[in-house]
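Student: Below is structure_2.cif; it holds mmCIF, C-alpha atoms.
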```cif
data_query
loop_
_atom_site.label_atom_id
_atom_site.label_comp_id
_atom_site.auth_asym_id
_atom_site.auth_seq_id
_atom_site.Cartn_x
_atom_site.Cartn_y
_atom_site.Cartn_z
CA MET A 5 28.15 -4.00 -12.96
CA ILE A 6 24.44 -4.77 -12.59
CA TYR A 7 22.16 -1.76 -12.21
CA TYR A 8 18.73 -2.65 -10.90
CA PHE A 9 15.44 -1.04 -10.00
CA SER A 10 12.92 -2.65 -7.69
CA GLY A 11 9.92 -1.49 -5.70
CA ASN A 12 8.65 -4.68 -4.11
CA GLY A 13 11.74 -6.86 -4.12
CA ASN A 14 11.26 -9.13 -7.14
CA SER A 15 13.88 -7.48 -9.33
CA ALA A 16 16.22 -6.89 -6.39
CA HIS A 17 16.14 -10.61 -5.66
CA VAL A 18 16.94 -11.41 -9.30
CA ALA A 19 19.72 -8.80 -9.45
CA TYR A 20 21.53 -10.11 -6.38
CA GLN A 21 21.19 -13.73 -7.37
CA LEU A 22 22.60 -12.90 -10.82
CA ALA A 23 25.42 -10.93 -9.21
CA ARG A 24 26.32 -14.03 -7.21
CA LEU A 25 26.11 -16.34 -10.23
CA THR A 26 28.11 -14.03 -12.52
CA HIS A 27 30.62 -12.80 -9.90
CA ASP A 28 29.43 -9.24 -10.38
CA ARG A 29 28.07 -6.44 -8.21
CA ALA A 30 24.55 -5.03 -8.04
CA ARG A 31 23.73 -1.35 -7.53
CA PHE A 32 20.30 0.10 -6.83
CA ILE A 33 19.59 2.67 -9.57
CA PRO A 34 18.07 5.41 -7.35
CA ARG A 35 21.19 5.27 -5.14
CA ALA A 36 23.75 4.57 -7.84
CA GLY A 37 25.02 8.12 -8.23
CA LYS A 38 26.49 8.99 -11.64
CA ALA A 39 24.96 7.05 -14.51
CA GLU A 40 27.90 5.96 -16.61
CA THR A 41 29.23 2.94 -18.46
CA THR A 42 32.67 2.29 -17.04
CA ALA A 43 32.55 -1.46 -16.40
CA ASP A 44 33.19 -4.13 -19.04
CA ILE A 45 29.79 -5.67 -18.31
CA PHE A 46 26.67 -3.51 -18.09
CA GLY A 47 23.54 -5.28 -16.88
CA LEU A 48 20.07 -3.84 -16.32
CA VAL A 49 17.49 -5.59 -14.12
CA PHE A 50 14.04 -4.09 -13.69
CA PRO A 51 10.33 -4.95 -13.46
CA ILE A 52 7.93 -4.47 -16.33
CA HIS A 53 5.67 -1.44 -15.92
CA ALA A 54 2.85 -1.21 -18.47
CA TRP A 55 4.78 -3.40 -20.94
CA GLY A 56 7.85 -1.24 -20.78
CA MET A 57 10.58 0.12 -18.52
CA PRO A 58 9.78 1.89 -15.24
CA ARG A 59 10.07 5.66 -15.37
CA ALA A 60 13.01 5.54 -12.98
CA VAL A 61 14.92 3.30 -15.40
CA GLU A 62 14.08 5.53 -18.36
CA ALA A 63 15.36 8.56 -16.42
CA PHE A 64 18.55 6.67 -15.51
CA LEU A 65 19.22 5.82 -19.15
CA ARG A 66 18.56 9.37 -20.33
CA GLN A 67 21.35 10.58 -18.04
CA LEU A 68 23.70 7.72 -18.92
CA ARG A 69 27.21 8.82 -19.87
CA THR A 70 28.87 6.67 -22.50
CA ASP A 71 32.50 7.75 -22.30
CA ARG A 72 33.42 4.09 -22.53
CA THR A 73 31.44 1.39 -24.35
CA PRO A 74 31.02 -1.78 -22.29
CA TYR A 75 32.12 -5.04 -23.85
CA TYR A 76 28.77 -6.68 -23.08
CA ILE A 77 25.30 -5.22 -22.36
CA TYR A 78 22.28 -7.20 -21.28
CA MET A 79 18.88 -6.77 -19.67
CA VAL A 80 16.83 -9.01 -17.38
CA CYS A 81 13.27 -7.94 -16.71
CA THR A 82 10.84 -9.44 -14.21
CA CYS A 83 7.19 -9.74 -15.12
CA GLY A 84 3.97 -11.30 -13.92
CA ASP A 85 3.25 -12.75 -17.36
CA ASP A 86 4.81 -11.05 -20.42
CA ILE A 87 6.89 -8.04 -21.42
CA GLY A 88 5.45 -6.79 -24.70
CA ARG A 89 8.20 -5.12 -26.75
CA THR A 90 10.26 -3.90 -23.81
CA ASP A 91 13.45 -5.41 -25.21
CA ARG A 92 12.99 -3.45 -28.43
CA LEU A 93 12.19 -0.24 -26.55
CA LEU A 94 15.39 -0.64 -24.53
CA ALA A 95 17.44 -1.50 -27.62
CA ARG A 96 16.20 1.68 -29.29
CA THR A 97 17.04 3.77 -26.20
CA LEU A 98 20.55 2.32 -26.02
CA LYS A 99 21.08 2.81 -29.75
CA GLN A 100 20.46 6.53 -29.25
CA LYS A 101 23.45 6.43 -26.90
CA GLY A 102 25.51 4.52 -29.43
CA LEU A 103 25.26 1.29 -27.43
CA PRO A 104 24.07 -2.19 -28.46
CA LEU A 105 21.82 -4.54 -26.52
CA ASP A 106 23.60 -7.87 -26.69
CA ALA A 107 21.07 -10.02 -24.84
CA ALA A 108 17.62 -9.78 -23.26
CA PHE A 109 15.94 -12.13 -20.81
CA SER A 110 12.70 -12.21 -18.85
CA VAL A 111 11.85 -13.94 -15.57
CA ARG A 112 8.32 -14.63 -14.35
CA MET A 113 7.82 -13.47 -10.78
CA PRO A 114 4.76 -12.97 -8.55
CA ASN A 115 2.47 -10.28 -9.93
CA THR A 116 2.33 -6.93 -8.10
CA TYR A 117 0.14 -4.73 -10.33
CA VAL A 118 -3.27 -4.12 -8.75
CA ALA A 119 -4.21 -0.59 -9.80
CA LEU A 120 -6.90 -1.42 -12.38
CA PRO A 121 -9.93 -3.72 -12.48
CA GLY A 122 -9.03 -7.28 -13.40
CA PHE A 123 -5.50 -7.03 -12.00
CA GLU A 124 -4.64 -8.76 -8.72
CA VAL A 125 -1.67 -10.33 -6.99
CA ASP A 126 -1.17 -14.01 -7.68
CA SER A 127 -2.65 -16.66 -5.46
CA LYS A 128 -0.24 -18.08 -2.90
CA GLU A 129 -0.02 -21.28 -4.93
CA LEU A 130 0.81 -19.50 -8.19
CA ALA A 131 3.33 -17.21 -6.49
CA GLN A 132 5.13 -20.21 -4.99
CA GLU A 133 5.06 -22.00 -8.36
CA LYS A 134 6.73 -19.02 -10.01
CA LEU A 135 9.34 -18.68 -7.27
CA ALA A 136 10.16 -22.39 -7.43
CA ALA A 137 11.12 -21.99 -11.09
CA VAL A 138 13.35 -18.94 -10.52
CA PRO A 139 16.64 -20.66 -9.47
CA GLU A 140 16.77 -22.80 -12.61
CA ARG A 141 15.80 -19.86 -14.79
CA LEU A 142 18.50 -17.65 -13.29
CA ALA A 143 21.08 -20.40 -13.72
CA GLN A 144 20.21 -20.49 -17.43
CA ILE A 145 20.48 -16.71 -17.74
CA ALA A 146 23.74 -16.60 -15.80
CA ALA A 147 25.23 -19.24 -18.09
CA ALA A 148 24.36 -17.14 -21.12
CA ILE A 149 25.81 -14.00 -19.51
CA ASN A 150 29.00 -15.76 -18.43
CA GLY A 151 29.35 -17.09 -21.98
CA ARG A 152 28.75 -13.56 -23.37
CA ALA A 153 25.95 -14.83 -25.58
CA ARG A 154 24.99 -12.22 -28.18
CA GLY A 155 21.89 -11.73 -30.26
CA VAL A 156 19.79 -13.41 -27.56
CA ARG A 157 16.14 -12.48 -27.08
CA ASP A 158 15.04 -15.01 -24.48
CA VAL A 159 11.87 -13.19 -23.44
CA VAL A 160 8.10 -13.73 -23.36
CA PRO A 161 6.52 -10.93 -25.44
CA GLY A 162 2.99 -12.31 -25.04
CA ALA A 163 0.03 -11.83 -27.37
CA ILE A 164 -0.05 -8.74 -29.63
CA PRO A 165 3.06 -7.27 -27.96
CA TRP A 166 3.27 -4.30 -30.32
CA LEU A 167 -0.23 -3.20 -29.25
CA LYS A 168 0.66 -3.45 -25.56
CA SER A 169 3.94 -1.53 -25.76
CA LYS A 170 3.16 0.91 -28.56
CA VAL A 171 -0.54 1.70 -27.96
CA LEU A 172 -1.67 0.58 -24.49
CA ARG A 173 1.49 1.70 -22.71
CA PRO A 174 1.14 5.40 -23.68
CA LEU A 175 -2.55 5.26 -22.73
CA PHE A 176 -1.71 3.71 -19.36
CA TYR A 177 0.76 6.50 -18.59
CA ARG A 178 -1.60 9.21 -19.75
CA LEU A 179 -4.72 7.97 -17.94
CA PHE A 180 -3.77 5.66 -15.09
CA CYS A 181 -0.22 6.40 -13.94
CA GLY A 182 1.21 8.98 -11.58
CA ASP A 183 0.45 9.60 -7.92
CA HIS A 184 -2.65 11.79 -8.24
CA SER A 185 -4.98 8.94 -7.26
CA PHE A 186 -3.19 7.81 -4.09
CA ARG A 187 -4.95 8.37 -0.78
CA THR A 188 -5.04 6.91 2.71
CA THR A 189 -7.90 5.58 4.78
CA GLU A 190 -8.56 6.17 8.46
CA ALA A 191 -6.51 3.04 9.16
CA CYS A 192 -3.31 5.03 8.51
CA ASN A 193 -1.41 5.45 11.78
CA GLY A 194 1.39 7.63 10.42
CA CYS A 195 4.07 4.96 10.75
CA GLY A 196 5.96 6.33 7.73
CA ARG A 197 6.68 2.94 6.22
CA CYS A 198 5.48 4.14 2.80
CA ALA A 199 7.97 7.02 2.79
CA LYS A 200 10.83 4.72 3.81
CA VAL A 201 10.23 2.14 1.08
CA CYS A 202 9.51 4.54 -1.79
CA PRO A 203 12.49 3.95 -4.12
CA VAL A 204 12.36 7.46 -5.58
CA ARG A 205 11.65 9.25 -2.28
CA ASN A 206 8.37 10.60 -3.55
CA ILE A 207 6.49 10.51 -0.23
CA ARG A 208 6.70 12.92 2.69
CA LEU A 209 4.79 12.82 5.96
CA THR A 210 2.73 15.90 6.77
CA ASP A 211 0.84 15.80 10.06
CA GLN A 212 1.60 12.06 10.16
CA ARG A 213 -0.05 11.51 6.79
CA PRO A 214 1.76 10.59 3.55
CA GLN A 215 1.81 13.20 0.82
CA TRP A 216 2.89 12.19 -2.70
CA GLN A 217 5.19 14.68 -4.41
CA GLY A 218 4.51 14.15 -8.12
CA ARG A 219 7.61 12.08 -8.97
CA CYS A 220 5.95 8.66 -8.80
CA THR A 221 7.46 5.80 -10.83
CA ASP A 222 4.30 3.66 -10.42
CA CYS A 223 5.91 0.75 -8.59
CA LEU A 224 3.14 0.56 -5.93
CA ALA A 225 5.72 -0.12 -3.22
CA CYS A 226 3.82 2.16 -0.84
CA PHE A 227 0.63 0.13 -1.34
CA HIS A 228 2.25 -3.27 -0.96
CA HIS A 229 4.41 -2.41 2.07
CA CYS A 230 1.73 -0.62 4.12
CA PRO A 231 1.32 -2.69 7.32
CA GLN A 232 -2.12 -1.20 7.94
CA ARG A 233 -3.36 -1.74 4.37
CA ALA A 234 -4.35 1.92 4.52
CA ILE A 235 -3.20 3.08 1.07
CA ARG A 236 -5.55 3.15 -1.89
CA TYR A 237 -5.04 4.00 -5.54
CA GLY A 238 -8.31 5.39 -6.82
CA ARG A 239 -11.21 3.05 -6.17
CA TRP A 240 -9.68 -0.07 -7.74
CA THR A 241 -7.26 -1.30 -5.07
CA GLU A 242 -9.68 -1.74 -2.17
CA GLY A 243 -9.65 -5.31 -0.93
CA LYS A 244 -6.77 -6.36 -3.16
CA GLY A 245 -3.78 -8.33 -1.94
CA GLN A 246 -0.22 -7.25 -1.23
CA TRP A 247 3.06 -8.80 -2.34
CA THR A 248 6.67 -8.09 -1.41
CA MET A 249 9.72 -10.33 -1.43
CA LYS A 250 10.10 -9.43 2.23
CA GLN A 251 7.42 -12.00 2.88
CA GLU A 252 9.90 -14.56 1.65
CA GLN A 253 12.59 -13.31 4.03
CA LYS A 254 10.67 -14.91 6.89
CA SER A 255 11.79 -18.28 5.57
CA PRO A 256 15.17 -19.40 6.97
CA ASN A 257 16.92 -19.41 3.60
CA LYS A 258 20.50 -18.14 3.46
CA ASN A 259 20.13 -16.75 -0.07
CA ARG A 260 17.15 -14.69 1.03
CA ARG A 261 19.06 -13.44 4.08
CA ARG A 262 21.96 -12.52 1.81
CA TRP A 263 19.63 -10.59 -0.49
CA HIS A 264 18.23 -8.65 2.45
CA LYS A 265 21.71 -7.87 3.83
CA GLN A 266 23.05 -6.79 0.42
CA ARG A 267 20.05 -4.61 -0.31
CA LYS A 268 20.44 -2.79 3.02
CA SER A 269 24.09 -2.15 2.25
CA THR A 270 23.23 -0.42 -1.06
CA THR A 271 20.25 1.60 0.15
#
```
Represent the supplied structure as structure tokens.

Tutor:
Amino acid sequence: MIYYFSGNGNSAHVAYQLARLTHDRARFIPRAGKAETTADIFGLVFPIHAWGMPRAVEAFLRQLRTDRTPYYIYMVCTCGDDIGRTDRLLARTLKQKGLPLDAAFSVRMPNTYVALPGFEVDSKELAQEKLAAVPERLAQIAAAINGRARGVRDVVPGAIPWLKSKVLRPLFYRLFCGDHSFRTTEACNGCGRCAKVCPVRNIRLTDQRPQWQGRCTDCLACFHHCPQRAIRYGRWTEGKGQWTMKQEQKSPNKNRRRWHKQRKSTT
């Protein structure tokens, strides 16, 4: 079983393509129900948030029941550039449950983090370059998974990864994460799209305006999916671009249509 988390579609796309290549099934973590290890294969697919796991994934793992140890455990994380020490953070979390991390992989996908100065979505050219490399990369990862490769750390930690995951990550969460800085502009028409796409159901509409409920996992799905571009996070997101894999669904590609159909069936 592949358990995945995704806010803007990158990790969902990877999860469903891997499920196809490994003859497995993918389940969306916020809708997965009981967190337990009952399958022989236990895969985790998620995006990198502040050089670590998203809060929703951390919460899922904290509640994980380990009545039965899977034969093989792996992670695949999607990132704009690098992952820091996420693989080690996950290995430590699993070890506390008495579980090993047999293999870890990373896949570069279009960047979605825009909530601080200096961070922006990729140019159209760079996004397409990254996407063009994904099929070959996933074929490599699937081959390793199907061969039950162990001791694999096929990831891109980047420069000074320990600083990013051990020092900057806690600072990010303390100073810049959470939903306290979200607001809407006058362009908001109360369509409710933000509430529908929020993976952790953290948004409610009050008088046709979104209200964040304090359970944010910092995926920025509400920002990227807003058709009116009416959502802001503090003062740093104004004028910045949006990215979702739904943009790619407009292309007549059967794999993309399959991803969309499968995602609807699980959510």

Student: Name the residues in contact with Cys230 of chain A at a cut-off of 10 Å, using only C-alpha atoms, excluding same-chain residues fewer than 3 positions from it; report them as a list in words.

Tutor: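 Once the nearby chain positions are removed, what remains is Cys192, Cys195, Gly196, Arg197, Cys198, Ala199, Val201, Ala225, Cys226, Phe227, Arg233, Ala234, Ile235 and Gln246 of chain A.
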
Student: Save the residues we just selected, C-alpha atoms, as an mmCIF file, keeping the file's coordinate frame?

Tutor:
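Written output follows (result-v4.cif):
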```cif
data_model
loop_
_atom_site.group_PDB
_atom_site.id
_atom_site.type_symbol
_atom_site.label_atom_id
_atom_site.label_comp_id
_atom_site.auth_asym_id
_atom_site.auth_seq_id
_atom_site.Cartn_x
_atom_site.Cartn_y
_atom_site.Cartn_z
ATOM 1 C CA CYS A 192 -3.310 5.030 8.510
ATOM 2 C CA CYS A 195 4.070 4.960 10.750
ATOM 3 C CA GLY A 196 5.960 6.330 7.730
ATOM 4 C CA ARG A 197 6.680 2.940 6.220
ATOM 5 C CA CYS A 198 5.480 4.140 2.800
ATOM 6 C CA ALA A 199 7.970 7.020 2.790
ATOM 7 C CA VAL A 201 10.230 2.140 1.080
ATOM 8 C CA ALA A 225 5.720 -0.120 -3.220
ATOM 9 C CA CYS A 226 3.820 2.160 -0.840
ATOM 10 C CA PHE A 227 0.630 0.130 -1.340
ATOM 11 C CA ARG A 233 -3.360 -1.740 4.370
ATOM 12 C CA ALA A 234 -4.350 1.920 4.520
ATOM 13 C CA ILE A 235 -3.200 3.080 1.070
ATOM 14 C CA GLN A 246 -0.220 -7.250 -1.230
#
```

Student: One decimal, in Å: what's the spacing between atom CA of Val159 of chain A and atom CA of Thr90 of chain A?

Tutor: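 The value is 9.4 Å.
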
Student: Determine the residue set returned by the PyMOL selection byres ((chain A and resi 247-251) around 8) for the present structure, and present it as a list of chain:residue names.

Tutor: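 So the PyMOL selection byres ((chain A and resi 247-251) around 8), applied here, picks out A:Asn12, A:Gly13, A:Asn14, A:His17, A:Pro114, A:Asn115, A:Thr116, A:Val125, A:His228, A:His229, A:Gly245, A:Gln246, A:Glu252, A:Gln253, A:Lys254.
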
Student: Closest to Gln132 of chain A among A:Met113, A:Ala191, A:Ala63, A:Val118, using only C-alpha atoms?

Tutor: A:Met113

Student: Using the chain letters and numbers from this file, what does the PyMOL selection byres ((chain A and resi 139) around 12) select? Give the answer as a list in words.

Tutor: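 Those residues are His17, Val18, Gln21, Leu22, Arg24, Leu25, Val111, Arg112, Met113, Glu133, Lys134, Leu135, Ala136, Ala137, Val138, Glu140, Arg141, Leu142, Ala143, Gln144, Ile145, Ala146 and Asn259 of chain A.
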
Student: Using the chain letters and numbers from this file, what does the PyMOL selection byres ((chain A and resi 152) around 10) select? Give the answer as a list in words.

Tutor: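 Selection result, ordered by chain and number: Ile45, Tyr75, Tyr76, Ile77, Tyr78, Asp106, Ala107, Ala146, Ala147, Ala148, Ile149, Asn150, Gly151, Ala153, Arg154, Gly155 and Val156 of chain A.
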
Student: Which residue out of A:Gln215, A:Asn193, A:Thr82, A:Thr26 has the minimum interatomic distance to Phe9 of chain A when all atoms listed in the file are used?

Tutor: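 Once distances to Phe9 of chain A are computed over all atoms listed in the file, the minimum belongs to A:Thr82.
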
Student: For the atom pair atom CA of Asp222 of chain A and atom CA of Gly182 of chain A, what is the interatomic distance in Å to one decimal place?

Tutor: 6.3 Å

Student: Using only C-alpha atoms - which residues lie no farther than 10 Å from the point (9.6, 7.3, -5.4) in the file's frame? Write them as an MDAnalysis selection string.

Tutor: chainID A and resid 11 34 60 183 198:207 216:226

Student: In Å, with one decimal, what is the gap from atom CA of Val61 of chain A to atom CA of Lys244 of chain A?

Tutor: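 So the two atoms, atom CA of Val61 of chain A and atom CA of Lys244 of chain A, lie 26.7 Å apart.
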
Student: Which one of A:Thr97, A:Ser110, A:Ala54, A:Lys128 sits closest to Ser15 of chain A if you count all atoms listed in the file?

Tutor: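 Checking each candidate against Ser15 of chain A, we get A:Ser110 as the closest.
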
Student: I'd like the contact shell of Trp166 of chain A - 12 Å cut-off, all atoms listed in the file, skipping same-chain residues fewer than 4 positions apart - returned as a ChimeraX atom specification.

Tutor: /A:55-56,87-93,161-162,170-174

Student: Could you list, as a PyMOL selection string, every residue within 7 Å of Cys81 of chain A, counting all atoms listed in the file and ignoring same-chain residues fewer than 2 positions away?

Tutor: chain A and resi 49-52+79+83+109-111

Student: As JSON, numbers by chain, please: the residues near segment 65-68 of chain A (cut-off 12 Å, only C-alpha atoms, same-chain neighbours under 2 positions excluded).

Tutor: {"A": [7, 8, 33, 34, 36, 37, 38, 39, 40, 41, 42, 46, 48, 57, 58, 59, 60, 61, 62, 63, 70, 71, 72, 73, 93, 94, 95, 96, 97, 98, 99, 100, 101, 102, 103]}

Student: For Trp240 of chain A, which residue out of A:Leu120, A:Ala19, A:Val80, A:Leu167 is the nearest one, using only C-alpha atoms?

Tutor: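 Closest to Trp240 of chain A of all the choices is A:Leu120.
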